[in-house]
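Asks: The structure follows.
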Amino acid sequence: MGGCFSKPKPGTPMPAVELKIEVVLPEKDRKEELSASGKGSPRAYQGNGTARHFHAEERLPAPHPYPGAQDFMEAAVCHVKDLENGQMREVELGWGKVLLVKDNGEFHALGHKCPHYGAPLVKGVLSRGRVRCPWHGACFNISTGDLEDFPGLDSLHKFQVKIEKEKVYVRASKQALQLQRRTKVMATCISPSAGHSGSTNVLIVGAGAAGLVCAETLRQEGFSDRIVLCTLDRHLPYDRPKLSKSLDTQPEQLALRPKEFFRAHGIEVLTEAQVVTVDVRNKKAVFKDGFKLEYSKLLLAPGSSPKTLSCKGKEVENVFTIRTPEDANRVVRLARGRNAVVVGAGFLGMEVAAYLTEKAHSVSVVELEETPFRRLLGERVGRALMKMFENNRVKFYMQTEVLELRAQEGKLKEVVLKSSKVVRADVCVVGIGAVPATGFLRQSGIGLDSRGFIPVNKMMQTNVPGVFAAGDAVTFPLAWRNNRKVNIPHWQMAHAQGRVAAQNMLAQEAEISTVPYLWTAMFGKSLRYAGYGEGFDDVVIQGDLHELKFVAFYTKGDEVISVASMNYDPIVSKVAEVLASGRSIRKREVETGDMSWLTGKGS
């Protein structure tokens with residue numbers, strides 16, 4: 001077992017967690033995560049008294065590691081009448097930029113880029129005392145800069161504002177201007193593992209977005225007991241959605257936090273650690289190698305397992321489901337200059353196909369439906385996206401399935417379809433959906449539904465007291481769809497559920513209320529989606545589908561239940577904000593083409 005904290009053999013004491021509460025220096029060689037455009041986005045730091053924690057890529061400025069007067073700058077950025085209420089503006093301050101917001105007659109100054117992927121927040125949506133990112137829907141409180149809805153892990157810096165002689169002045173530290181994120185203050189673990197290696201206060205099974213956010217939220221809320229995070233993966237928590245969008249990204253570029261972060265905050269990570277049974281009566285998890293760990297509170301966030309092909313030849317080499325960075329990297333190597341076949345035209349399959357067009361000799365997509373994304377986006381939008389792929393040399397084989405995988409010397413050579421077509425293939429990627437990875441819970445007494453999902457309530461509680469669940473493996477009541485029990489296996493929702501689970505471990509009585517938000521990127525174009533559209537009976541499209549500049553409203557009866565757009569920001573974030581406020585959007589409101597009521601203010 002490897003990773004940040006390796007699990008000892010049964011019977012041997014666990015090493016003490018190394019805790020550092022002074023300056024924690026970064027791993028100097030760790031590369032910055034890619035932004036959506038492929039460029040690096042800067043990282044921010046937070047100082048809190050004498051305890052300072054820095055992310056990778058941050059450097060302490062010499063010779064003043066702690067901000068003094070010379071490390072701050074202050075300047076007039078505009079006249080008080082330059083902004084109307086409800087308006088945002090990006091303003092220059094020294095060598096940096098600040099987001100200036102006027103809300104209810106008051107000015108606020110914040111970091112100007114979303115810490116998630118670096119989106120310009122001035123193009124986002126200001127509503128109910130928060131600004132929502134135009135790209136992926138993260139929300140930040142304008143009074144504090146705190147992250148209030150996801151995705152992402154970090155908050156914004158909040159800068160001082162004063163009004164003198166009708167001018168608005170902003171004061172900010174130079175480092176904060178340079179580094180566009182702030183990690184919330186976290187408690188220090190005061191009960192390291194030495195001496196009680198067989199027990200932990202909180203055990204988190206699964207180190208995806210739900211597991212990591214749960215651990216971080218506990219520390220942010222002042223929890224100082226032991227936290228153990230275990231994962232089947234060999235890596236520390238990483239940005240899994242990027243795997244299919246940028247297949248040759250290296251594991252260290254995908255990491256959500258550097259190793260030092262986990263040490264500094266006393267979050268123990270057990271990698272390549274598989275829980276095989278959970279004994280809820282004795283509050284004990286049993287690992288594959290026999291190691292047993294007692295817990296007081298348990299979060300189950302095991303995620304899902306990809307479905308595989310069941311056809312003849314399924315065991316041939318060079319057929320992949322993309323679960324790890326190693327899978328993704330290997331697919332790119334095998335596809336370079338050769339023939340790639342993708343089975344499944346959902347998010348994963350289409351992202352992989354788009355990425356491989358510039359690498360492979362040929363890219364073919366096999367799909368059972370008539371059009372890609374048909375269940376989520378409908379026929380018309382699916383066809384428009386399909387045309388974009390065809391214009392980029394992707395060949396589609398629709399309304400058919402794989403009958404056989406043929407090999408030459410054990411390695412894939414051809415994919416035979418039920419339509420009797422034979423497609424040349426040197427590498428095949430299978431993206432035909434996933435099933436919840438909950439087999440280990442079948443005899444535990446923790447409730448599972450007929451499909452293997454873990455049902456939870458609004459507080460992310462299972463049927464067993466002290467056991468919570470979050471992420472791709474759960475069904476939960478969706479507040480704004482009349483508490484309908486749904487499964488939403490997306491990155492943003494996993495973050496939100498992880499936080500709610502942590503808050504309720506601490507008896508804060510939080511409820512899940514976030515509006516689902518997801519996105520995909522193909523050929524440099526982003527599609528954004530908010531809401532829950534299952535069961536839609538009509539689609540109202542505004543804009544130009546042919547030019548891929550459109551917004552599609554999905555309706556059921558008279559109500560808009562979801563929205564998708566391309567090149568129409570910040571419309572999806574605006575709709576998400578309207579739905580989050582509890583207001584319904586009627587079909588007739590979007591049929592007129594007049595969307596002035598939805599446009600965000602920004603300049």
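Residues in the structure tokens are numbered from 1 in each chain, the chains being A, B, ... in the order shown, and ligands are numbered from 1 in the order shown.
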Find the residues around Thr357 in chain A up to 10 Å (only C-alpha atoms counted), leave out those fewer than 2 positions away in its own chain, and share them as a ChimeraX atom specification.
Replies: /A:335-337,340,352-355,359-364,389,392-394,523
Asks: Can you write out the residues you just picked, keeping C-alpha atoms, as a PDB file, in the first residue's frame?
Replies:
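What follows is the written file result_26.pdb:
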ATOM      1  CA  ALA A 335      -3.732   5.910 -30.408  1.00  0.00           C
ATOM      2  CA  ARG A 336      -1.004   8.166 -31.799  1.00  0.00           C
ATOM      3  CA  GLY A 337      -1.085   7.803 -35.586  1.00  0.00           C
ATOM      4  CA  ALA A 340      -9.129   4.499 -32.250  1.00  0.00           C
ATOM      5  CA  VAL A 352     -12.120  11.117 -25.492  1.00  0.00           C
ATOM      6  CA  ALA A 353     -13.085  11.087 -29.192  1.00  0.00           C
ATOM      7  CA  ALA A 354     -12.608  14.866 -29.438  1.00  0.00           C
ATOM      8  CA  TYR A 355      -9.197  14.724 -27.764  1.00  0.00           C
ATOM      9  CA  LYS A 359      -3.511  12.330 -32.213  1.00  0.00           C
ATOM     10  CA  ALA A 360      -5.022   9.323 -33.982  1.00  0.00           C
ATOM     11  CA  HIS A 361      -5.114   8.388 -37.670  1.00  0.00           C
ATOM     12  CA  SER A 362      -8.858   7.733 -37.364  1.00  0.00           C
ATOM     13  CA  VAL A 363     -11.494   8.046 -34.625  1.00  0.00           C
ATOM     14  CA  SER A 364     -14.798   6.129 -34.737  1.00  0.00           C
ATOM     15  CA  PHE A 389     -17.546  15.970 -34.568  1.00  0.00           C
ATOM     16  CA  ASN A 392     -13.465  17.065 -37.227  1.00  0.00           C
ATOM     17  CA  ARG A 393     -13.099  13.686 -39.004  1.00  0.00           C
ATOM     18  CA  VAL A 394     -14.966  11.556 -36.451  1.00  0.00           C
ATOM     19  CA  PHE A 523     -12.713  20.975 -29.677  1.00  0.00           C
TER      20      PHE A 523
END
Asks: Kindly assemble as a Markdown table a list of the range 355-447 of chain A residues that lie within 9 Å of range 305-323 of chain A, each paired with its nearest atom pair and their distance in Å to one decimal, using only C-alpha atoms, sorted first by chain and then by ascending residue number.
Replies:
| residue | atom | partner | partner_atom | distance |
| --- | --- | --- | --- | --- |
| A:Val402 | CA | A:Cys311 | CA | 6.9 |
| A:Leu403 | CA | A:Cys311 | CA | 5.8 |
| A:Glu404 | CA | A:Lys312 | CA | 4.8 |
| A:Leu405 | CA | A:Gly313 | CA | 4.7 |
| A:Arg406 | CA | A:Gly313 | CA | 6.2 |
| A:Ala407 | CA | A:Val316 | CA | 6.3 |
| A:Gly410 | CA | A:Val316 | CA | 5.8 |
| A:Lys411 | CA | A:Glu317 | CA | 4.7 |
| A:Leu412 | CA | A:Glu317 | CA | 5.9 |
| A:Asp426 | CA | A:Asn318 | CA | 7.1 |
| A:Val427 | CA | A:Asn318 | CA | 5.1 |
| A:Cys428 | CA | A:Val319 | CA | 4.7 |
| A:Val429 | CA | A:Phe320 | CA | 4.8 |
| A:Val430 | CA | A:Thr321 | CA | 5.1 |
| A:Gly431 | CA | A:Thr321 | CA | 6.5 |
| A:Ile432 | CA | A:Lys307 | CA | 6.2 |
| A:Gly433 | CA | A:Lys307 | CA | 5.7 |
| A:Ala434 | CA | A:Pro306 | CA | 4.1 |
| A:Val435 | CA | A:Ser305 | CA | 5.4 |
| A:Pro436 | CA | A:Ser305 | CA | 6.1 |
| A:Ala437 | CA | A:Ser305 | CA | 5.5 |
Asks: As a list in words, list the residues of range 364-498 of chain A assigned to alpha helix (DSSP H) by DSSP on the backbone atoms of this structure.
Replies: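 For range 364-498 of chain A, the alpha helix (DSSP H) set is Arg374, Arg375, Leu376, Leu377, Gly378, Glu379, Arg380, Val381, Gly382, Arg383, Ala384, Leu385, Met386, Lys387, Met388, Phe389, Glu390, Trp491, Gln492, Met493, Ala494, His495, Ala496, Gln497 and Gly498 of chain A.
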Asks: Could you write out that same residue set with N, CA, C and O atoms as a short mmCIF file (atom, residue, chain, number, x, y, z; two decimals), in the first residue's frame?
Replies:
data_model
loop_
_atom_site.label_atom_id
_atom_site.label_comp_id
_atom_site.auth_asym_id
_atom_site.auth_seq_id
_atom_site.Cartn_x
_atom_site.Cartn_y
_atom_site.Cartn_z
N ARG A 374 -28.34 12.02 -26.42
CA ARG A 374 -29.77 12.17 -26.70
C ARG A 374 -30.61 12.25 -25.42
O ARG A 374 -31.52 13.09 -25.32
N ARG A 375 -30.32 11.42 -24.45
CA ARG A 375 -31.15 11.41 -23.23
C ARG A 375 -30.99 12.69 -22.42
O ARG A 375 -31.94 13.14 -21.79
N LEU A 376 -29.81 13.26 -22.43
CA LEU A 376 -29.57 14.47 -21.65
C LEU A 376 -29.94 15.73 -22.42
O LEU A 376 -30.58 16.63 -21.87
N LEU A 377 -29.54 15.80 -23.70
CA LEU A 377 -29.65 17.06 -24.44
C LEU A 377 -30.71 17.05 -25.53
O LEU A 377 -30.98 18.09 -26.14
N GLY A 378 -31.30 15.89 -25.81
CA GLY A 378 -32.32 15.82 -26.84
C GLY A 378 -31.74 15.66 -28.24
O GLY A 378 -30.54 15.81 -28.47
N GLU A 379 -32.64 15.37 -29.17
CA GLU A 379 -32.25 15.05 -30.55
C GLU A 379 -31.57 16.21 -31.27
O GLU A 379 -30.54 16.06 -31.91
N ARG A 380 -32.16 17.40 -31.18
CA ARG A 380 -31.66 18.54 -31.98
C ARG A 380 -30.27 18.98 -31.54
O ARG A 380 -29.38 19.19 -32.37
N VAL A 381 -30.08 19.13 -30.25
CA VAL A 381 -28.75 19.53 -29.74
C VAL A 381 -27.74 18.42 -30.01
O VAL A 381 -26.62 18.68 -30.44
N GLY A 382 -28.15 17.17 -29.79
CA GLY A 382 -27.26 16.03 -30.05
C GLY A 382 -26.79 15.99 -31.49
O GLY A 382 -25.62 15.75 -31.78
N ARG A 383 -27.72 16.28 -32.43
CA ARG A 383 -27.37 16.26 -33.85
C ARG A 383 -26.38 17.38 -34.20
O ARG A 383 -25.47 17.20 -35.01
N ALA A 384 -26.59 18.56 -33.60
CA ALA A 384 -25.68 19.70 -33.86
C ALA A 384 -24.27 19.37 -33.37
O ALA A 384 -23.27 19.69 -34.04
N LEU A 385 -24.17 18.73 -32.21
CA LEU A 385 -22.86 18.35 -31.68
C LEU A 385 -22.23 17.25 -32.54
O LEU A 385 -21.02 17.25 -32.77
N MET A 386 -23.06 16.34 -33.00
CA MET A 386 -22.58 15.27 -33.87
C MET A 386 -21.96 15.85 -35.15
O MET A 386 -20.91 15.39 -35.62
N LYS A 387 -22.59 16.88 -35.69
CA LYS A 387 -22.09 17.54 -36.90
C LYS A 387 -20.72 18.17 -36.64
O LYS A 387 -19.81 18.08 -37.48
N MET A 388 -20.54 18.77 -35.46
CA MET A 388 -19.25 19.34 -35.09
C MET A 388 -18.17 18.26 -35.09
O MET A 388 -17.05 18.47 -35.58
N PHE A 389 -18.51 17.08 -34.60
CA PHE A 389 -17.55 15.97 -34.57
C PHE A 389 -17.24 15.47 -35.98
O PHE A 389 -16.09 15.20 -36.32
N GLU A 390 -18.29 15.35 -36.79
CA GLU A 390 -18.08 14.89 -38.16
C GLU A 390 -17.21 15.86 -38.95
O GLU A 390 -16.38 15.45 -39.77
N TRP A 491 -19.36 15.90 -10.73
CA TRP A 491 -18.29 16.46 -9.89
C TRP A 491 -18.80 17.51 -8.90
O TRP A 491 -18.50 17.47 -7.72
N GLN A 492 -19.57 18.46 -9.39
CA GLN A 492 -20.04 19.55 -8.52
C GLN A 492 -20.94 19.01 -7.40
O GLN A 492 -20.83 19.42 -6.25
N MET A 493 -21.81 18.08 -7.75
CA MET A 493 -22.74 17.54 -6.76
C MET A 493 -22.00 16.75 -5.68
O MET A 493 -22.35 16.81 -4.49
N ALA A 494 -20.95 16.04 -6.07
CA ALA A 494 -20.16 15.29 -5.09
C ALA A 494 -19.52 16.23 -4.06
O ALA A 494 -19.49 15.94 -2.86
N HIS A 495 -18.99 17.38 -4.53
CA HIS A 495 -18.44 18.38 -3.61
C HIS A 495 -19.50 18.80 -2.57
O HIS A 495 -19.25 18.80 -1.37
N ALA A 496 -20.68 19.19 -3.09
CA ALA A 496 -21.73 19.71 -2.22
C ALA A 496 -22.17 18.67 -1.20
O ALA A 496 -22.38 18.98 -0.02
N GLN A 497 -22.30 17.42 -1.64
CA GLN A 497 -22.73 16.36 -0.72
C GLN A 497 -21.67 16.07 0.34
O GLN A 497 -22.01 15.79 1.50
N GLY A 498 -20.40 16.14 -0.05
CA GLY A 498 -19.32 15.94 0.91
C GLY A 498 -19.35 16.97 2.03
O GLY A 498 -19.12 16.65 3.21
#
Asks: Near range 183-190 of chain A, within 7 Å and counting only C-alpha atoms, which residues show up once chain neighbours fewer than 3 positions away are dropped, as a list in words?
Replies: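 Selected residues are Tyr45, Gln46, Asp154, Ser155, Arg219, Gln220, Gly222, Phe223, Ser224, Asp225, Arg226, His265 and Gly266 of chain A.
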Asks: Write a file of the selected residues as a short mmCIF file (atom, residue, chain, number, x, y, z; two decimals), in the first residue's frame, keeping all heavy atoms.
Replies:
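Final output, saved to selection-v1.cif:
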data_model
loop_
_atom_site.label_atom_id
_atom_site.label_comp_id
_atom_site.auth_asym_id
_atom_site.auth_seq_id
_atom_site.Cartn_x
_atom_site.Cartn_y
_atom_site.Cartn_z
N TYR A 45 -2.81 32.22 -1.50
CA TYR A 45 -2.47 31.68 -0.19
C TYR A 45 -3.29 32.43 0.83
O TYR A 45 -3.84 33.49 0.57
CB TYR A 45 -0.98 31.87 0.11
CG TYR A 45 -0.68 33.24 0.66
CD1 TYR A 45 -0.51 33.46 2.02
CD2 TYR A 45 -0.62 34.33 -0.21
CE1 TYR A 45 -0.28 34.72 2.51
CE2 TYR A 45 -0.38 35.60 0.29
CZ TYR A 45 -0.21 35.79 1.65
OH TYR A 45 0.01 37.04 2.14
N GLN A 46 -3.35 31.85 2.00
CA GLN A 46 -4.03 32.55 3.06
C GLN A 46 -3.10 32.62 4.27
O GLN A 46 -2.53 31.63 4.68
CB GLN A 46 -5.27 31.77 3.48
CG GLN A 46 -5.58 32.03 4.93
CD GLN A 46 -7.04 31.94 5.20
OE1 GLN A 46 -7.76 31.43 4.39
NE2 GLN A 46 -7.46 32.43 6.32
N ASP A 154 -11.21 26.18 -2.99
CA ASP A 154 -10.73 27.39 -2.33
C ASP A 154 -11.67 28.58 -2.49
O ASP A 154 -12.51 28.62 -3.40
CB ASP A 154 -9.34 27.75 -2.85
CG ASP A 154 -8.28 26.79 -2.34
OD1 ASP A 154 -8.41 26.34 -1.18
OD2 ASP A 154 -7.33 26.49 -3.08
N SER A 155 -11.48 29.54 -1.61
CA SER A 155 -12.29 30.76 -1.58
C SER A 155 -11.52 31.91 -2.24
O SER A 155 -10.39 31.74 -2.70
CB SER A 155 -12.62 31.11 -0.12
OG SER A 155 -13.41 30.08 0.46
N ARG A 219 -12.18 19.98 9.01
CA ARG A 219 -11.08 20.80 9.54
C ARG A 219 -11.46 22.29 9.56
O ARG A 219 -11.16 23.01 10.50
CB ARG A 219 -9.81 20.58 8.72
CG ARG A 219 -9.17 19.20 8.93
CD ARG A 219 -8.42 19.14 10.25
NE ARG A 219 -7.77 17.85 10.44
CZ ARG A 219 -8.18 16.90 11.29
NH1 ARG A 219 -9.26 17.09 12.03
NH2 ARG A 219 -7.52 15.76 11.41
N GLN A 220 -12.13 22.76 8.50
CA GLN A 220 -12.54 24.18 8.44
C GLN A 220 -13.52 24.52 9.56
O GLN A 220 -13.53 25.65 10.06
CB GLN A 220 -13.20 24.48 7.09
CG GLN A 220 -12.24 24.49 5.91
CD GLN A 220 -12.95 24.42 4.58
OE1 GLN A 220 -14.19 24.44 4.50
NE2 GLN A 220 -12.20 24.30 3.49
N GLY A 222 -13.43 23.34 12.51
CA GLY A 222 -12.79 23.25 13.82
C GLY A 222 -12.61 21.86 14.37
O GLY A 222 -12.14 21.69 15.50
N PHE A 223 -12.95 20.84 13.61
CA PHE A 223 -12.80 19.45 14.06
C PHE A 223 -11.31 19.09 14.14
O PHE A 223 -10.58 19.23 13.17
CB PHE A 223 -13.51 18.53 13.06
CG PHE A 223 -13.47 17.08 13.41
CD1 PHE A 223 -14.32 16.54 14.36
CD2 PHE A 223 -12.55 16.23 12.80
CE1 PHE A 223 -14.29 15.19 14.68
CE2 PHE A 223 -12.52 14.88 13.10
CZ PHE A 223 -13.39 14.36 14.05
N SER A 224 -10.87 18.63 15.31
CA SER A 224 -9.43 18.41 15.51
C SER A 224 -9.07 16.96 15.83
O SER A 224 -7.94 16.66 16.20
CB SER A 224 -8.91 19.33 16.62
OG SER A 224 -9.62 19.11 17.82
N ASP A 225 -10.05 16.05 15.71
CA ASP A 225 -9.76 14.63 15.93
C ASP A 225 -9.24 13.98 14.65
O ASP A 225 -9.12 14.61 13.61
CB ASP A 225 -11.00 13.91 16.45
CG ASP A 225 -11.20 14.16 17.95
OD1 ASP A 225 -10.19 14.19 18.67
OD2 ASP A 225 -12.35 14.36 18.37
N ARG A 226 -9.00 12.68 14.74
CA ARG A 226 -8.36 11.96 13.64
C ARG A 226 -9.31 11.76 12.45
O ARG A 226 -10.48 11.43 12.62
CB ARG A 226 -7.87 10.61 14.16
CG ARG A 226 -6.96 9.88 13.19
CD ARG A 226 -6.44 8.59 13.78
NE ARG A 226 -5.60 7.91 12.80
CZ ARG A 226 -5.44 6.59 12.75
NH1 ARG A 226 -6.03 5.82 13.62
NH2 ARG A 226 -4.66 6.05 11.83
N HIS A 265 -2.51 19.42 7.65
CA HIS A 265 -3.83 19.47 8.26
C HIS A 265 -4.25 18.15 8.90
O HIS A 265 -5.41 17.99 9.30
CB HIS A 265 -4.86 19.94 7.23
CG HIS A 265 -4.54 21.30 6.69
ND1 HIS A 265 -4.51 22.43 7.48
CD2 HIS A 265 -4.18 21.70 5.45
CE1 HIS A 265 -4.17 23.47 6.74
NE2 HIS A 265 -3.96 23.06 5.51
N GLY A 266 -3.30 17.22 8.99
CA GLY A 266 -3.58 15.97 9.71
C GLY A 266 -4.69 15.15 9.07
O GLY A 266 -5.51 14.54 9.76
#
Asks: Check range 143-207 of chain A with DSSP on the backbone and list each residue it calls strand (DSSP E), as a ChimeraX atom specification.
Replies: /A:147-149,158-164,167-173,199-205
Asks: With C-alpha atoms retained, write the just-selected residues as a PDB file, in the first residue's frame.
Replies:
ATOM      1  CA  LEU A 147     -16.873  29.528  -1.316  1.00  0.00           C
ATOM      2  CA  GLU A 148     -20.598  28.783  -0.884  1.00  0.00           C
ATOM      3  CA  ASP A 149     -21.283  26.415  -3.774  1.00  0.00           C
ATOM      4  CA  LYS A 158     -11.547  39.774   0.321  1.00  0.00           C
ATOM      5  CA  PHE A 159      -9.920  43.211   0.170  1.00  0.00           C
ATOM      6  CA  GLN A 160     -10.489  46.347   2.247  1.00  0.00           C
ATOM      7  CA  VAL A 161     -12.640  49.077   0.691  1.00  0.00           C
ATOM      8  CA  LYS A 162     -13.052  52.685   1.857  1.00  0.00           C
ATOM      9  CA  ILE A 163     -14.801  55.718   0.389  1.00  0.00           C
ATOM     10  CA  GLU A 164     -13.073  59.119   0.540  1.00  0.00           C
ATOM     11  CA  LYS A 167     -13.739  57.904  -4.611  1.00  0.00           C
ATOM     12  CA  VAL A 168     -13.543  54.158  -3.954  1.00  0.00           C
ATOM     13  CA  TYR A 169     -10.186  53.003  -2.533  1.00  0.00           C
ATOM     14  CA  VAL A 170      -9.082  49.368  -2.342  1.00  0.00           C
ATOM     15  CA  ARG A 171      -6.247  48.086  -0.157  1.00  0.00           C
ATOM     16  CA  ALA A 172      -4.742  44.664  -0.821  1.00  0.00           C
ATOM     17  CA  SER A 173      -1.640  42.640  -0.090  1.00  0.00           C
ATOM     18  CA  SER A 199      -9.271   3.461  15.529  1.00  0.00           C
ATOM     19  CA  THR A 200     -10.177   6.806  14.036  1.00  0.00           C
ATOM     20  CA  ASN A 201     -12.842   9.370  14.782  1.00  0.00           C
ATOM     21  CA  VAL A 202     -13.832   9.788  11.119  1.00  0.00           C
ATOM     22  CA  LEU A 203     -13.267   7.233   8.371  1.00  0.00           C
ATOM     23  CA  ILE A 204     -13.929   8.310   4.777  1.00  0.00           C
ATOM     24  CA  VAL A 205     -14.118   5.548   2.162  1.00  0.00           C
TER      25      VAL A 205
END
Asks: Hey, which of A:Asn339, A:Thr144, A:Gln253, A:Asn504 ends up closest to Arg424 in chain A? Count only C-alpha atoms.
Replies: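 Of A:Asn339, A:Thr144, A:Gln253, A:Asn504, the one nearest Arg424 in chain A, counting only C-alpha atoms, is A:Asn339.
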Asks: Could you list, with a cut-off of 12 Å and counting only C-alpha atoms, the residues of range 131-185 of chain A near range 113-117 of chain A, each shown with its nearest atom pair and the distance in Å rounded to one decimal, rows sorted by chain and ascending number, as a Markdown table?
Replies:
| residue | atom | partner | partner_atom | distance |
| --- | --- | --- | --- | --- |
| A:Val131 | CA | A:Cys114 | CA | 10.0 |
| A:Arg132 | CA | A:Cys114 | CA | 9.1 |
| A:Cys133 | CA | A:Cys114 | CA | 6.6 |
| A:Pro134 | CA | A:Cys114 | CA | 9.2 |
| A:Trp135 | CA | A:Tyr117 | CA | 8.5 |
| A:His136 | CA | A:His116 | CA | 8.5 |
| A:Gly137 | CA | A:Cys114 | CA | 9.7 |
| A:Ala138 | CA | A:Cys114 | CA | 7.8 |
| A:Cys139 | CA | A:Cys114 | CA | 9.0 |
| A:Phe140 | CA | A:Cys114 | CA | 8.9 |
| A:Gly145 | CA | A:Cys114 | CA | 10.7 |
| A:Asp146 | CA | A:Pro115 | CA | 11.2 |
| A:Leu147 | CA | A:Pro115 | CA | 9.6 |
| A:Asp149 | CA | A:His116 | CA | 11.6 |
| A:Phe150 | CA | A:His116 | CA | 8.9 |
| A:Pro151 | CA | A:His116 | CA | 6.8 |
| A:Gly152 | CA | A:His116 | CA | 4.7 |
| A:Leu153 | CA | A:His116 | CA | 7.3 |
| A:Asp154 | CA | A:Pro115 | CA | 6.2 |
| A:Ser155 | CA | A:Pro115 | CA | 7.0 |
| A:Leu156 | CA | A:Pro115 | CA | 7.2 |
| A:His157 | CA | A:Lys113 | CA | 10.2 |
| A:Ala176 | CA | A:Lys113 | CA | 11.8 |
| A:Leu177 | CA | A:Lys113 | CA | 10.4 |
| A:Gln178 | CA | A:Lys113 | CA | 10.8 |
| A:Leu179 | CA | A:Pro115 | CA | 9.3 |
| A:Gln180 | CA | A:Pro115 | CA | 6.2 |
| A:Arg181 | CA | A:Pro115 | CA | 5.3 |
| A:Arg182 | CA | A:Pro115 | CA | 8.3 |
| A:Thr183 | CA | A:Pro115 | CA | 10.0 |
Asks: Calculate how many Å separate CA of Met505 in chain A from CA of Ala255 in chain A, rounding to one decimal.
Replies: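 Pair CA of Met505 in chain A / CA of Ala255 in chain A returns 26.3 Å.
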Asks: Using only C-alpha atoms, which residues sit within 9 Å of Lys283 in chain A once same-chain residues fewer than 3 positions away are excluded, as a list in words?
Replies: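 Surrounding residues, per the criterion: Val278, Asp279, Val280, Leu293, Glu294, Tyr295, Ser296, Lys297 and Leu298 of chain A.
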Asks: Which value, in Å to one decimal, gives the distance between CA of Lys292 in chain A and CA of Pro251 in chain A?
Replies: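 Here the two named atoms are 29.3 Å from each other.
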Asks: What are the closest atom pairs, with distances in Å to one decimal, for each residue of range 253-355 of chain A lying within 10 Å of range 443-460 of chain A, using only C-alpha atoms, rows by chain and rising residue number, as JSON lines?
Replies:
{"residue": "A:Thr277", "atom": "CA", "partner": "A:Ser444", "partner_atom": "CA", "distance": 7.0}
{"residue": "A:Val278", "atom": "CA", "partner": "A:Ser444", "partner_atom": "CA", "distance": 5.7}
{"residue": "A:Asp279", "atom": "CA", "partner": "A:Ser444", "partner_atom": "CA", "distance": 6.1}
{"residue": "A:Val280", "atom": "CA", "partner": "A:Ser444", "partner_atom": "CA", "distance": 6.6}
{"residue": "A:Arg281", "atom": "CA", "partner": "A:Gly445", "partner_atom": "CA", "distance": 9.0}
{"residue": "A:Leu299", "atom": "CA", "partner": "A:Met460", "partner_atom": "CA", "distance": 9.2}
{"residue": "A:Leu300", "atom": "CA", "partner": "A:Ile454", "partner_atom": "CA", "distance": 8.9}
{"residue": "A:Ala301", "atom": "CA", "partner": "A:Ile454", "partner_atom": "CA", "distance": 9.8}
{"residue": "A:Gly303", "atom": "CA", "partner": "A:Phe453", "partner_atom": "CA", "distance": 10.0}
{"residue": "A:Ser304", "atom": "CA", "partner": "A:Phe453", "partner_atom": "CA", "distance": 9.6}
